[in-house]
Structure formats: C-alpha cells, structure tokens
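Below is the file model_34.pdb, which contains PDB, C-alpha atoms.
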```pdb
ATOM      1  CA  MET A   1     155.632  75.814-106.661
ATOM      2  CA  SER A   2     158.536  73.595-105.750
ATOM      3  CA  SER A   3     160.252  73.941-102.385
ATOM      4  CA  ARG A   4     163.584  73.304-104.045
ATOM      5  CA  ASN A   5     165.785  75.525-106.152
ATOM      6  CA  ASP A   6     167.820  74.567-109.210
ATOM      7  CA  ALA A   7     170.961  73.970-107.148
ATOM      8  CA  ARG A   8     169.105  71.509-104.869
ATOM      9  CA  VAL A   9     169.949  73.665-101.877
ATOM     10  CA  PRO A  10     167.616  73.240 -98.899
ATOM     11  CA  PHE A  11     165.502  76.198 -97.839
ATOM     12  CA  PRO A  12     164.734  77.212 -94.260
ATOM     13  CA  VAL A  13     161.204  76.316 -93.196
ATOM     14  CA  THR A  14     159.128  79.414 -92.466
ATOM     15  CA  GLY A  15     158.915  79.795 -88.707
ATOM     16  CA  GLY A  16     161.108  76.747 -88.258
ATOM     17  CA  THR A  17     163.897  78.349 -86.217
ATOM     18  CA  GLN A  18     164.244  77.871 -82.488
ATOM     19  CA  SER A  19     166.832  79.179 -80.068
ATOM     20  CA  LYS A  20     167.838  78.014 -76.623
ATOM     21  CA  ALA A  21     170.293  79.421 -74.105
ATOM     22  CA  PHE A  22     172.760  76.875 -72.723
ATOM     23  CA  THR A  23     175.073  76.859 -69.726
ATOM     24  CA  SER A  24     177.067  74.193 -67.890
ATOM     25  CA  SER A  25     173.795  72.231 -67.815
ATOM     26  CA  SER A  26     172.279  70.673 -70.922
ATOM     27  CA  ALA A  27     169.443  72.672 -72.509
ATOM     28  CA  ALA A  28     167.202  71.397 -75.326
ATOM     29  CA  ILE A  29     165.002  73.235 -77.802
ATOM     30  CA  THR A  30     161.396  73.259 -76.648
ATOM     31  CA  THR A  31     159.662  71.811 -79.701
ATOM     32  CA  ALA A  32     160.775  68.747 -81.655
ATOM     33  CA  VAL A  33     161.472  69.243 -85.361
ATOM     34  CA  GLY A  34     158.588  68.565 -87.735
ATOM     35  CA  ASP A  35     157.448  65.239 -89.104
ATOM     36  CA  GLN A  36     158.899  66.085 -92.532
ATOM     37  CA  THR A  37     162.187  67.603 -91.331
ATOM     38  CA  ARG A  38     165.273  65.592 -92.220
ATOM     39  CA  ARG A  39     167.932  68.329 -92.051
ATOM     40  CA  VAL A  40     168.639  71.223 -89.730
ATOM     41  CA  LEU A  41     170.980  74.182 -89.838
ATOM     42  CA  VAL A  42     172.654  74.604 -86.446
ATOM     43  CA  TYR A  43     174.487  77.727 -85.256
ATOM     44  CA  SER A  44     175.860  78.697 -81.861
ATOM     45  CA  ASP A  45     177.329  81.958 -80.639
ATOM     46  CA  GLN A  46     179.702  80.051 -78.286
ATOM     47  CA  ASP A  47     181.598  76.760 -78.505
ATOM     48  CA  CYS A  48     179.331  73.935 -77.367
ATOM     49  CA  HIS A  49     178.558  70.242 -77.617
ATOM     50  CA  ILE A  50     175.273  69.073 -79.142
ATOM     51  CA  GLN A  51     173.131  65.959 -79.099
ATOM     52  CA  PHE A  52     170.036  64.944 -81.118
ATOM     53  CA  ALA A  53     167.440  62.650 -79.522
ATOM     54  CA  GLU A  54     163.772  62.494 -78.593
ATOM     55  CA  THR A  55     164.798  63.613 -75.093
ATOM     56  CA  PRO A  56     168.391  64.806 -75.526
ATOM     57  CA  VAL A  57     170.822  65.492 -72.710
ATOM     58  CA  ALA A  58     174.042  66.925 -74.117
ATOM     59  CA  THR A  59     177.386  66.222 -72.446
ATOM     60  CA  THR A  60     180.902  67.402 -73.181
ATOM     61  CA  ALA A  61     181.521  64.003 -74.805
ATOM     62  CA  ASP A  62     178.975  64.789 -77.565
ATOM     63  CA  GLN A  63     179.587  66.361 -80.976
ATOM     64  CA  PHE A  64     181.519  69.642 -80.759
ATOM     65  CA  LEU A  65     180.062  72.708 -82.491
ATOM     66  CA  PRO A  66     182.474  75.641 -82.762
ATOM     67  CA  ALA A  67     181.158  79.156 -82.228
ATOM     68  CA  ALA A  68     179.973  81.198 -85.204
ATOM     69  CA  GLN A  69     179.898  78.221 -87.605
ATOM     70  CA  GLN A  70     176.727  77.148 -89.400
ATOM     71  CA  ILE A  71     176.511  73.437 -90.044
ATOM     72  CA  MET A  72     173.828  71.428 -91.796
ATOM     73  CA  LEU A  73     173.134  68.073 -90.166
ATOM     74  CA  ALA A  74     170.771  65.189 -90.831
ATOM     75  CA  ILE A  75     168.122  64.639 -88.163
ATOM     76  CA  ARG A  76     165.246  62.237 -87.697
ATOM     77  CA  PRO A  77     161.749  63.738 -87.668
ATOM     78  CA  GLY A  78     160.490  64.384 -84.147
ATOM     79  CA  MET A  79     163.946  64.831 -82.618
ATOM     80  CA  LYS A  80     165.150  67.700 -80.442
ATOM     81  CA  VAL A  81     168.603  69.278 -80.172
ATOM     82  CA  ALA A  82     170.337  69.912 -76.854
ATOM     83  CA  ALA A  83     173.512  71.863 -76.158
ATOM     84  CA  ILE A  84     175.967  72.319 -73.307
ATOM     85  CA  ARG A  85     178.758  74.860 -73.145
ATOM     86  CA  ALA A  86     182.362  74.039 -73.902
ATOM     87  CA  THR A  87     183.771  77.102 -72.120
ATOM     88  CA  ALA A  88     181.194  79.914 -71.984
ATOM     89  CA  ASP A  89     177.405  80.210 -71.815
ATOM     90  CA  GLY A  90     175.711  80.901 -75.127
ATOM     91  CA  THR A  91     172.715  80.390 -77.382
ATOM     92  CA  ILE A  92     172.128  77.704 -79.983
ATOM     93  CA  TYR A  93     169.897  78.288 -83.017
ATOM     94  CA  VAL A  94     168.263  75.372 -84.833
ATOM     95  CA  SER A  95     166.590  76.003 -88.213
ATOM     96  CA  GLU A  96     164.540  73.294 -89.881
ATOM     97  CA  LEU A  97     165.338  72.843 -93.571
ATOM     98  CA  ASP A  98     163.184  71.588 -96.422
ATOM     99  CA  TYR A  99     164.101  70.504 -99.920
TER     100      TYR A  99
END
```

Give the structure from this file in structure tokens form.
Amino acid sequence: MSSRNDARVPFPVTGGTQSKAFTSSSAAITTAVGDQTRRVLVYSDQDCHIQFAETPVATTADQFLPAAQQIMLAIRPGMKVAAIRATADGTIYVSELDY
C-alpha cells in the first residue's frame, strides 16, 4: 500500500506528533524527527518564534508562527524544533509527515 494519496498530499506519520510547552525561554521537542522525515506540520496555540536545528535555541529573531495556524515546513531528517513565546506562554505541536 502506498503512503501517498492521489492528490500527493502528505500524511501524518503514526505516532509522529510531539508537543512542547514554551515560555520566555526556548523549549525544544524531546526527540528529533525521523531519518525519513522531510516535512513537518507545525501548530501553536499562542504566537511564537520557531527554529529548526540539531540543537535548536529559538529566539524572537527566528521565524514567526502565528497562533492557531497550521503550517507545513521542510525539515532535514534528525532535526528538532524549538519555540519561544512572542507574547504569551503556549504549546507547540510538531507532526512528522510522510508522502
């Protein structure tokens, strides 16, 4: 069975979602994305800034992610995502995607 549908829309990876609470200090997801993961779906319940790296430390100069918006982003395998609040503490959700 193919892991891709007719519209070529990526599917979430089973068990591939992590969440992490963030505050005025950078907080990164615990486990790096998988060796085959090239895209993630990122959602936050509060405005924040995010960074992708092997050992990320998000700052307010990093990419802005508005609250309640899902965005699909390219990521290198083995990377982690970190977030820091823009105005209020919140939680970021990172879902690995597979084609």

Would you kindly identify which residues have an atom no farther than 6 Å from (176.8, 77.7, -71.0), using only C-alpha atoms and the file's own coordinates, and write them out as an NGL selection string?
:A and (22-24 or 84-85 or 88-90)

Extending 5 Å beyond the listed atoms of range 61-71 of chain A on each side, what axis-aligned box results? I want centre and edge lengths in Å to one decimal, as AutoDock Vina command-line options.
```
--center_x 179.5 --center_y 72.6 --center_z -82.4 --size_x 16.0 --size_y 27.2 --size_z 25.2
```

Nearest to Asp98 in chain A: which of A:Ala61, A:Ala86, A:Glu54, A:Ala74 is it, counting only C-alpha atoms?
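Once distances to Asp98 in chain A are computed over only C-alpha atoms, the minimum belongs to A:Ala74.
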
Please return, as a list in words, all polymer residues that have at least one atom within 9 Å of the point (170.7, 69.5, -91.6); use only C-alpha atoms and the file's own coordinate frame.
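Every polymer residue passing the test: Pro10, Thr37, Arg38, Arg39, Val40, Leu41, Val42, Ile71, Met72, Leu73, Ala74, Ile75, Ser95, Glu96 and Leu97 of chain A.
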
I'd like the neighbourhood of Ile50 in chain A as an mmCIF file with C-alpha atoms, keeping the file's coordinate frame, where a residue qualifies if any of its atoms comes within 7 Å (using all atoms listed in the file), though same-chain residues fewer than 2 positions away should be ignored.
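See selection_7.cif below for the written result:
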```cif
data_model
loop_
_atom_site.group_PDB
_atom_site.id
_atom_site.type_symbol
_atom_site.label_atom_id
_atom_site.label_comp_id
_atom_site.auth_asym_id
_atom_site.auth_seq_id
_atom_site.Cartn_x
_atom_site.Cartn_y
_atom_site.Cartn_z
ATOM 1 C CA CYS A 48 179.331 73.935 -77.367
ATOM 2 C CA PHE A 52 170.036 64.944 -81.118
ATOM 3 C CA ALA A 58 174.042 66.925 -74.117
ATOM 4 C CA ASP A 62 178.975 64.789 -77.565
ATOM 5 C CA GLN A 63 179.587 66.361 -80.976
ATOM 6 C CA PHE A 64 181.519 69.642 -80.759
ATOM 7 C CA LEU A 65 180.062 72.708 -82.491
ATOM 8 C CA VAL A 81 168.603 69.278 -80.172
ATOM 9 C CA ALA A 82 170.337 69.912 -76.854
ATOM 10 C CA ALA A 83 173.512 71.863 -76.158
ATOM 11 C CA ILE A 84 175.967 72.319 -73.307
#
```

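The coordinates place CA of Val33 in chain A at 8.1 Å from CA of Gly16 in chain A.
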
Excluding Ala32 in chain A and its own-chain neighbours fewer than 6 positions away, which residues fall within 6 Å of it when counting only C-alpha atoms? Please give them as a list in words.
Gly78, Met79 and Lys80 of chain A

Let me know the residues the PyMOL selection byres ((chain A and resi 57) around 8) catches in the file above, as a ChimeraX atom specification.
/A:26-28,51,55-56,58-59,82-83

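Distance-wise, CA of Thr30 in chain A and CA of Asp45 in chain A end up 18.6 Å apart.
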
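CA of Pro66 in chain A to CA of Asp35 in chain A spans 27.8 Å [interatomic distance, one decimal].
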
For the structure provided, state which residues fall under the PyMOL selection byres ((chain A and resi 67) around 6), and present them as a VMD selection string.
chain A and resid 44 to 47 66 68 to 69

Could range 2-99 of chain A be written out with C-alpha atoms, as a compact mmCIF listing (two decimals), in the first residue's frame, please?
```txt
# COMPACT_ATOMS: atom_id res chain seq x y z
CA SER A 2 1.32 3.41 -0.92
CA SER A 3 1.82 6.07 1.74
CA ARG A 4 0.61 8.69 -0.69
CA ASN A 5 -2.86 9.58 -1.87
CA ASP A 6 -3.95 10.59 -5.37
CA ALA A 7 -3.63 14.30 -4.57
CA ARG A 8 0.00 13.84 -3.43
CA VAL A 9 -0.90 15.22 -0.03
CA PRO A 10 1.42 14.17 2.79
CA PHE A 11 0.02 12.01 5.57
CA PRO A 12 0.85 12.33 9.26
CA VAL A 13 3.20 9.61 10.49
CA THR A 14 1.52 7.36 13.05
CA GLY A 15 2.79 8.37 16.47
CA GLY A 16 4.86 11.12 14.91
CA THR A 17 3.40 14.08 16.82
CA GLN A 18 5.21 15.76 19.68
CA SER A 19 4.22 18.71 21.82
CA LYS A 20 6.28 21.03 23.96
CA ALA A 21 5.30 23.88 26.26
CA PHE A 22 7.22 27.11 25.68
CA THR A 23 7.69 30.26 27.72
CA SER A 24 10.06 33.23 27.56
CA SER A 25 12.84 30.62 27.38
CA SER A 26 13.41 28.46 24.31
CA ALA A 27 11.98 24.93 24.53
CA ALA A 28 12.67 22.15 22.00
CA ILE A 29 10.81 18.93 21.26
CA THR A 30 12.44 16.00 23.02
CA THR A 31 13.01 13.64 20.10
CA ALA A 32 14.47 14.59 16.72
CA VAL A 33 12.32 13.87 13.66
CA GLY A 34 12.88 10.54 11.94
CA ASP A 35 15.54 9.66 9.41
CA GLN A 36 12.96 9.67 6.60
CA THR A 37 11.07 12.82 7.65
CA ARG A 38 11.42 15.74 5.26
CA ARG A 39 8.29 17.72 6.16
CA VAL A 40 6.52 18.61 9.38
CA LEU A 41 3.19 20.16 10.22
CA VAL A 42 3.65 22.78 12.95
CA TYR A 43 0.86 24.27 15.08
CA SER A 44 0.96 26.51 18.14
CA ASP A 45 -1.81 27.65 20.44
CA GLN A 46 -0.01 31.00 21.01
CA ASP A 47 2.10 33.30 18.83
CA CYS A 48 5.71 32.14 18.91
CA HIS A 49 9.02 32.05 17.08
CA ILE A 50 10.47 28.73 15.92
CA GLN A 51 13.85 27.37 14.91
CA PHE A 52 14.91 24.02 13.36
CA ALA A 53 18.36 22.61 14.16
CA GLU A 54 20.07 19.58 15.66
CA THR A 55 20.20 21.50 18.95
CA PRO A 56 17.83 24.44 18.39
CA VAL A 57 17.59 27.50 20.60
CA ALA A 58 14.74 29.71 19.41
CA THR A 59 14.93 33.50 19.78
CA THR A 60 12.47 36.26 18.97
CA ALA A 61 14.52 36.93 15.82
CA ASP A 62 13.56 33.49 14.40
CA GLN A 63 10.64 32.60 12.13
CA PHE A 64 7.29 33.82 13.49
CA LEU A 65 4.45 31.31 13.81
CA PRO A 66 1.05 32.87 14.48
CA ALA A 67 -1.31 31.17 16.92
CA ALA A 68 -3.87 28.68 15.63
CA GLN A 69 -2.27 28.36 12.17
CA GLN A 70 -1.05 25.04 10.80
CA ILE A 71 1.93 25.33 8.51
CA MET A 72 3.82 22.65 6.62
CA LEU A 73 7.57 23.20 6.53
CA ALA A 74 10.54 21.35 5.08
CA ILE A 75 12.95 19.92 7.64
CA ARG A 76 16.13 17.89 7.49
CA PRO A 77 16.00 14.40 8.99
CA GLY A 78 17.28 14.31 12.56
CA MET A 79 16.39 17.93 13.33
CA LYS A 80 14.43 19.23 16.31
CA VAL A 81 12.06 22.20 16.57
CA ALA A 82 12.29 24.80 19.32
CA ALA A 83 9.87 27.59 20.18
CA ILE A 84 9.83 30.73 22.29
CA ARG A 85 6.82 32.87 23.07
CA ALA A 86 6.03 36.09 21.26
CA THR A 87 3.68 37.41 23.95
CA ALA A 88 2.17 34.54 25.97
CA ASP A 89 3.22 31.06 27.07
CA GLY A 90 1.85 28.24 24.95
CA THR A 91 2.35 24.81 23.43
CA ILE A 92 3.79 23.90 20.05
CA TYR A 93 2.79 20.70 18.23
CA VAL A 94 5.08 19.14 15.63
CA SER A 95 3.72 16.33 13.42
CA GLU A 96 6.03 14.39 11.13
CA LEU A 97 4.66 13.96 7.61
CA ASP A 98 5.29 11.24 5.04
CA TYR A 99 4.50 11.10 1.35
```
